[in-house]
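K.L.:
Let me give you the structure first, and then I'll get to my questions.
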Number of protein chains: 2
Amino acid sequence: MVNESQQSCSGSSSSRSDGGSSSGSEGSKDSSRCSTPVLDAERHERLRDKMRRRQDAGDKWFSLEFFPPRTANAAVNLISRFDHMGAGGPLFIDVTWHPAGDPGSDKETSSMIIAYTAVNYCGLETILHMTCCNQSKDDITGHLQKAKRLGLKNIMALRGDPAGEEWEEEVDGFNYAVDLVKHIRNEFDDYFDICVAGYPKGHPEAESYEADLRHLKEKVYAGADFIITQLFFRPETFLKFMKDCQAIGITCPIIPGIFPIQGYHSLRQLVKLSKLEVPQEIKDVIEPIKDNDAAIRNYGVELAVSMCRELLDSGMVHGLHFYTLNREVATTEVLKRLGIWNEDPRRPLPWAVSAHPKRRVEDVRPIFWASRPKSYIYRTQEWDDFPNGRWGNSSSPAFGELKDYYLFYLKSKSPREELLKMWGEELTSEESVFEVFTCYITGEPNKNGYKVTCMPWNDDPLATETNLLKDQLEKVNRRGILTINSQPNINGKPSTDPIVGWGPSGGYVFQKAYLEFFTSSEIVRALLKVLRKYELRVNYHIVNVKGENITNAPDLQPNAVTWGIFPGREIIQPTVVDPVSFLSWKDEAFALWIEQWAKLYEEESPSRMIIQYIHDNYYLVNLVDNDFPLENCLWQVVEDTFELLNSPTQQ
Amino acid sequence: MVNESQQSCSGSSSSRSDGGSSSGSEGSKDSSRCSTPVLDAERHERLRDKMRRRQDAGDKWFSLEFFPPRTANAAVNLISRFDHMGAGGPLFIDVTWHPAGDPGSDKETSSMIIAYTAVNYCGLETILHMTCCNQSKDDITGHLQKAKRLGLKNIMALRGDPAGEEWEEEVDGFNYAVDLVKHIRNEFDDYFDICVAGYPKGHPEAESYEADLRHLKEKVYAGADFIITQLFFRPETFLKFMKDCQAIGITCPIIPGIFPIQGYHSLRQLVKLSKLEVPQEIKDVIEPIKDNDAAIRNYGVELAVSMCRELLDSGMVHGLHFYTLNREVATTEVLKRLGIWNEDPRRPLPWAVSAHPKRRVEDVRPIFWASRPKSYIYRTQEWDDFPNGRWGNSSSPAFGELKDYYLFYLKSKSPREELLKMWGEELTSEESVFEVFTCYITGEPNKNGYKVTCMPWNDDPLATETNLLKDQLEKVNRRGILTINSQPNINGKPSTDPIVGWGPSGGYVFQKAYLEFFTSSEIVRALLKVLRKYELRVNYHIVNVKGENITNAPDLQPNAVTWGIFPGREIIQPTVVDPVSFLSWKDEAFALWIEQWAKLYEEESPSRMIIQYIHDNYYLVNLVDNDFPLENCLWQVVEDTFELLNSPTQQ
């Protein structure tokens with residue numbers, strides 16, 4: 001009935017999922033306690049442990065390889081692709097190292113920065129490739145230190161292609177990947193998870209297949225945690241390779257690299273680079289259709305699906321690594337057909353978590369950045385300590401300035417011409433601005449026939465949750481309550497609810513109704529009169545661009561507006577309306593009028609002056625209905641405001 | 001519409017109660033934030049500010065004076081009186097300084113320790129008297145330092161009575177109260193609130209009434225914050241005195257000292273000590289009834305009520321200070337008749353807060369000590385940092401040992417003979433123990449006709465809230481589920497609910513159902529089988545005296561079982577089931593069987609052996625039903641357990 005082992009406090013195991021009872025007797029008085037409730041064990045695990053846990057649980061998984069973009073615009077697209085493909089639940093992504101592209105630099109197109117962005121801004125577990133040949137020890141160490149500083153935790157250690165044709169070993173230099181593995185373990189101990197490359201057909205430069213296997217074993221014994229293979233064309237190639245590895249004592253995970261053929265030219269180029277030979281049966285199919293991209297892609301998808309099925313069915317393969325060539329369609333289709341594209345509607349927290357190690361404990365954010373999570377991450381990137389447990393840890397420093405609205409991970413995905421079509425080539429009045437907001441809410445085309453799919457404050461279409469409020473939002477936007485953020489009240493829905501649920505199952509989630517909008521000073525005057533009637537019930541913050549601020553928040557305390565109650569845990573309150581950070585958000589929210597919208601127009605043009613007028617004269621308002629068990633009163637507040645405005649005696 | 005001042009973060013003002021809107025513009029980015037939600041502004045205020053706030057709000061208040069007890073038993077009774085009279089809501093109490101009684105010592109009867117106990121264990125704002133004549137500077141400083149260390153924040157600075165008949169001023173010594181006031185301000189700056197005595201008839205030793213007023217002014221100008229007066233018999237005496245004070249520039253609060261006449265002898269003695277003269281009209285009433293205590297007390301109450309009414313009606317008096325003579329009845333009656341005895345059912349938190357300054361931020365406690373809050377305070381007295389925001393701050397040290405079960409503030413109010421009548425002069429079986437538990441729950445007399453009004457784990461009768469569960473509790477106790485703590489589930493009742501409410505109004509409170517009990521290993525075996533069916537829903541901890549511990553708590557995390565959602569605030573979660581502290585509580589809970597119960601009987605007696613058997617063999621169990629919105633399933637769990645025990649196949 002009683003066993004001896006004491007359950008540990010670390011997040012790496014959960015008795016819940018073990019299903020068992022555990023016990024502890026002596027010594028527990030002195031054990032340290034978790035300072036933050038562990039809602040999501042995965043957030044605290046390193047990649048190799050995640051991999052092992054998934055394998056032990058019998059889960060199949062996938063990972064995705066990308067290369068760094070060539071241009072800043074391509075970087076914006078790639079980041080957006082990370083977000084799309086991240087939704088399918090890859091165990092990790094990896095970013096290749098392009099020695100020619102200044103891969104360790106601070107450029108937005110460098111391997112380093114792309115990997116950092118994936119981790120920090122897209123919340124993806126990421127492996128950064130790194131090659132070592134023709135580089136000095138200091139350079140390598142510098143790159144590794146920088147990677148560590150930026151929150152990267154996984155390195156794919158490669159030799160890389162020698163610069164010249166006639167490559168010679170350097171004495172004391174990095175000649176092989178194994179040198180890099182050893183160097184990482186020497187200099188950084190166990191900090192990084194290390195991945196190395198395996199060659200199912202043997203490395204083209206190896207003396208023999210057997211010799212290459214021995215090199216691989218050396219890399220593993222030097223400290224590599226797992227292996228990703230070069231692409232191959234037949235499943236039996238991989239399965240044989242895997243058996244051969246095991247036979248010589250390589251026991252770490254070996255992940256097959258899958259290359260869905262996406263086009264004739266890309267195949268040719270890859271084959272040339274990798275010095276692989278395309279089997280005759282594939283050539284026979286491809287050559288006749290080489291100018292038909294769609295046909296080749298279809299064939300590639302078929303081929304990949306069938307090969308992956310065979311690998312998975314073998315029982316030896318638990319994860320599949322995809323060479324995406326930075327493209328979305330083919331890989332996504334393969335994954336969906338395999339049934340391992342896992343668009344899990346469940347979220348560990350109401351907002352998407354960052355994978356940066358220092359943000360592991362982050363469990364509360366102000367609601368204002370709900371539609372601009374990347375901007376929030378950017379503006380808090382210098383914080384060493386995230387509000388944990390409670391918002392408002394006084395040791396948290398101020399928000400960073402958001403001076404550059406064109407940081408590539410914050411940039412709108414839509415080009416200027418498209419924005420003009422959505423938001424109006426020419427604005428004639430404040431009402432034409434109301435119209436844009438209304439079209440964004442309704443999804444109806446504007447008067448020129450274009451749908452408004454984004455706004456300066458929302459780079460994406462309306463959230464499913466906001467859709468619950470659509471009718472009301474449409475009504476108020478038409479009348480000049482220009483909404484940029486809102487959530488309905490929720491009184492204890494199951495944490496597994498597909499729309500508003502988050503956190504582990506078995507819990508209950510709650511929300512206070514929230515509404516945030518820009519509006520004219522005339523409306524604010526009436527609103528303030530109306531709010532007196534709602535004094536205890538509604539908390540408000542009303543601020544203009546000059547920072548004139550009107551609030552009834554008690555003692556500048558934050559108001560929790562999203563919280564969850566879970567079995568056996570403390571209360572989690574991941575979203576707050578924080579009066580102090582609202583003043584930082586206000587600067588950003590007002591500036592977006594100018595930076596994203598007004599600047600589309602010529603200086604001095606009427607359109608620009610209308611946006612400038614709104615920026616200068618409107619107020620940013622947020623309202624919280626504290627009575628979450630009752631019907632949301634915020635619509636009534638707005639209704640009352642318009643009634644007051646329309647009553648002749650009051651005006 | 002907009003004003004300029006920025007609302008501060010300090011707890012001393014609440015815009016909520018001001019009712020107004022406040023504003024802030026620049027500089028708010030750097031402002032520090034409250035680290036703990038301010039639920040109860042009073043907790044952070046100093047006495048003089050509380051006094052002023054009550055006066056500004058037009059609230060009438062009262063305070064109570066006590067003297068230190070002579071014996072340890074009297075100390076137990078006095079502490080219990082603090083709890084009773086504290087329920088009426090005094091603004092403060094004060095404890096007199098008895099130079100003959102070693103007032104600064106660590107004895108349980110010293111002024112210092114009684115004041116400390118009132119602050120720390122009874123949660124009462126307390127003034128410690130201190131006299132200075134015939135004492136060295138070092139002694140005085142030592143007393144003040146000790147008072148500060150113990151969390152006392154208010155001193156009543158007095159001269160005290162000179163030891164000999166022929167008193168002479170000492171050069172450089174403390175000759176008058178004003179010397180002590182100056183000394184406190186010199187050595188401790190503004191740390192203490194200082195009170196001084198005023199004499200409505202002039203001090204008996206003063207040259208004149210006018211000279212005494214000048215002395216009072218000196219004391220105030222030297223740094224006293226307010227004045228409490230000597231007793232008087234006619235309201236006009238006080239009102240004239242107050243006007244005279246104001247006329248010479250004394251503007252601080254002056255609180256009339258009220259002495260309800262409670263008996264002939266106590267009146268005579270007090271009059272002798274204070275050198276006051278009893279007015280003839282009072283003597284005329286009292287002399288004829290001097291041997292009728294009840295009659296004198298009734299007259300005293302009448303007289304006090306009418307005098308207090310006149311004082312309050314004058315508009316000059318906001319608070320009344322009562323010389324209680326350590327008695328309860330007369331003062332309580334006067335207060336109730338005046339309508340200022342304010343038994344507010346509303347609580348700032350579900351448990352009674354301590355007034356010790358270092359516990360100001362304390363906002364979460366484990367549920368286990370719910371009925372033994374003084375023991376919890378004792379065992380955490382060495383903590384420098386209270387879990388704030390979250391339970392489980394790993395910097396909190398271990399619980400202190402509870403070796404001495406006879407600490408005067410933990411001692412049972414009932415003497416041994418009474419306990420034996422309640423718990424059985426002779427126990428014959430485990431079932432006779434079940435009977436005691438059952439009688440405590442039902443309030444019915446036991447088989448010898450005595451009511452069981454306390455238990456080793458509960459020194460008071462059943463809480464109102466527990467009464468909600470009475471029928472179920474009775475049923476299970478009869479069958480050997482010996483309950484010592486429980487709470488019903490609550491799904492969002494208003495924070496003003498008279499039974500389960502706490503915190504400011506406008507909020508909603510929640511609870512998870514909780515049940516804690518001792519039971520036999522046979523029942524535990526069946527219970528564990530039953531609990532498998534409730535795996536996700538019910539969290540349990542089951543431990544015996546040896547520390548063998550069975551739990552399904554995830555990662556030893558605490559489970560929040562009481563929480564509240566308030567307008568404009570973060571979530572408050574004041575009560576948790578914490579697996580780590582449960583093991584400290586277990587030691588105490590098991591030891592109480594022996595210390596409080598078994599030791600009532602002779603060694604080797606059958607009664608003692610029965611309790612010893614239970615102590616050695618029973619388990620302490622706690623159960624939490626996580627599904628607070630559904631009907632409490634814990635009774636079903638117990639029901640299922642007995643069903644399993646009674647099914648022949650399972651046994």
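By convention here, the chains of the structure tokens are called A, B, ... in the order presented, each chain's residues are numbered starting at 1, and ligands are numbered starting at 1 in the order presented.
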Env of stretch 500-513 of chain A: 9 Å cut, atoms = only C-alpha atoms, seq-sep filter 5 positions within chain, self excluded. Answer as a PyMOL selection string.
P.N.:
(chain A and resi 39-40+345-350+464-465+486-495+560-567+623-629+632-634) or (chain B and resi 536-537+626-627+629)
K.L.:
Stretch 161-210 of chain B: which residues are alpha helix (DSSP H) by DSSP, as a PyMOL selection string?
P.N.:
chain B and resi 177-188+209-210
K.L.:
Those same residues - N, CA, C and O atoms - I'd like them written as a short mmCIF file (atom, residue, chain, number, x, y, z; two decimals), in the first residue's frame.
P.N.:
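Contents of selection.cif, as written:
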data_model
loop_
_atom_site.label_atom_id
_atom_site.label_comp_id
_atom_site.auth_asym_id
_atom_site.auth_seq_id
_atom_site.Cartn_x
_atom_site.Cartn_y
_atom_site.Cartn_z
N ALA B 177 6.59 62.25 31.67
CA ALA B 177 6.24 61.54 30.44
C ALA B 177 6.86 62.21 29.21
O ALA B 177 7.27 61.53 28.26
N VAL B 178 6.94 63.55 29.24
CA VAL B 178 7.49 64.24 28.07
C VAL B 178 8.91 63.80 27.78
O VAL B 178 9.35 63.75 26.62
N ASP B 179 9.67 63.44 28.81
CA ASP B 179 11.04 62.94 28.59
C ASP B 179 11.02 61.63 27.81
O ASP B 179 11.86 61.39 26.95
N LEU B 180 10.04 60.80 28.14
CA LEU B 180 9.93 59.52 27.43
C LEU B 180 9.50 59.74 25.97
O LEU B 180 10.03 59.12 25.05
N VAL B 181 8.56 60.67 25.78
CA VAL B 181 8.12 60.98 24.39
C VAL B 181 9.33 61.43 23.58
O VAL B 181 9.57 60.94 22.48
N LYS B 182 10.10 62.36 24.15
CA LYS B 182 11.28 62.87 23.42
C LYS B 182 12.27 61.74 23.13
O LYS B 182 12.83 61.65 22.04
N HIS B 183 12.46 60.91 24.14
CA HIS B 183 13.42 59.81 23.98
C HIS B 183 12.98 58.87 22.84
O HIS B 183 13.80 58.46 22.00
N ILE B 184 11.69 58.56 22.83
CA ILE B 184 11.20 57.66 21.76
C ILE B 184 11.41 58.29 20.39
O ILE B 184 11.88 57.65 19.45
N ARG B 185 11.08 59.57 20.28
CA ARG B 185 11.25 60.23 18.98
C ARG B 185 12.72 60.35 18.60
O ARG B 185 13.09 60.21 17.43
N ASN B 186 13.58 60.58 19.61
CA ASN B 186 15.02 60.67 19.33
C ASN B 186 15.59 59.35 18.86
O ASN B 186 16.34 59.28 17.90
N GLU B 187 15.22 58.31 19.58
CA GLU B 187 15.87 57.02 19.33
C GLU B 187 15.18 56.20 18.23
O GLU B 187 15.81 55.39 17.58
N PHE B 188 13.88 56.41 18.07
CA PHE B 188 13.14 55.55 17.13
C PHE B 188 12.41 56.34 16.05
O PHE B 188 11.56 55.81 15.37
N TYR B 209 -4.58 73.34 37.17
CA TYR B 209 -5.20 72.80 35.96
C TYR B 209 -4.52 73.39 34.72
O TYR B 209 -4.18 72.68 33.77
N GLU B 210 -4.24 74.69 34.77
CA GLU B 210 -3.64 75.37 33.61
C GLU B 210 -2.21 74.86 33.37
O GLU B 210 -1.80 74.63 32.24
#
K.L.:
List every residue of stretch 172-246 of chain A that DSSP, applied to the backbone of this structure, assigns to strand (DSSP E or B), and report them as a count of residues only.
P.N.:
12
K.L.:
Show me, as number ranges by chain, the residues that have an atom within 10 Å of A:Ala294 when counting only C-alpha atoms, minus same-chain residues fewer than 6 positions from it.
P.N.:
A: 262-263, 300
K.L.:
Between A:Ala75, A:Leu335, A:Pro558, A:Asn175, single out the one closest to A:Ser136, counting only C-alpha atoms.
P.N.:
A:Asn175
K.L.:
In Å to one decimal, how far is atom CA of A:Ala72 from atom CA of A:Phe408?
P.N.:
6.9 Å
K.L.:
Using only C-alpha atoms, which of the listed residues (A:Thr229, A:Asn298, A:Thr109, A:Asn544) sits closest to A:Ala330?
P.N.:
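Among the listed residues, the smallest separation from A:Ala330 belongs to A:Asn298.
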K.L.:
Pick from A:Gly86, A:Pro366, A:Gly198, A:Pro288: nearest to A:Leu583, with only C-alpha atoms counted?
P.N.:
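The closest residue to A:Leu583 is A:Pro366.
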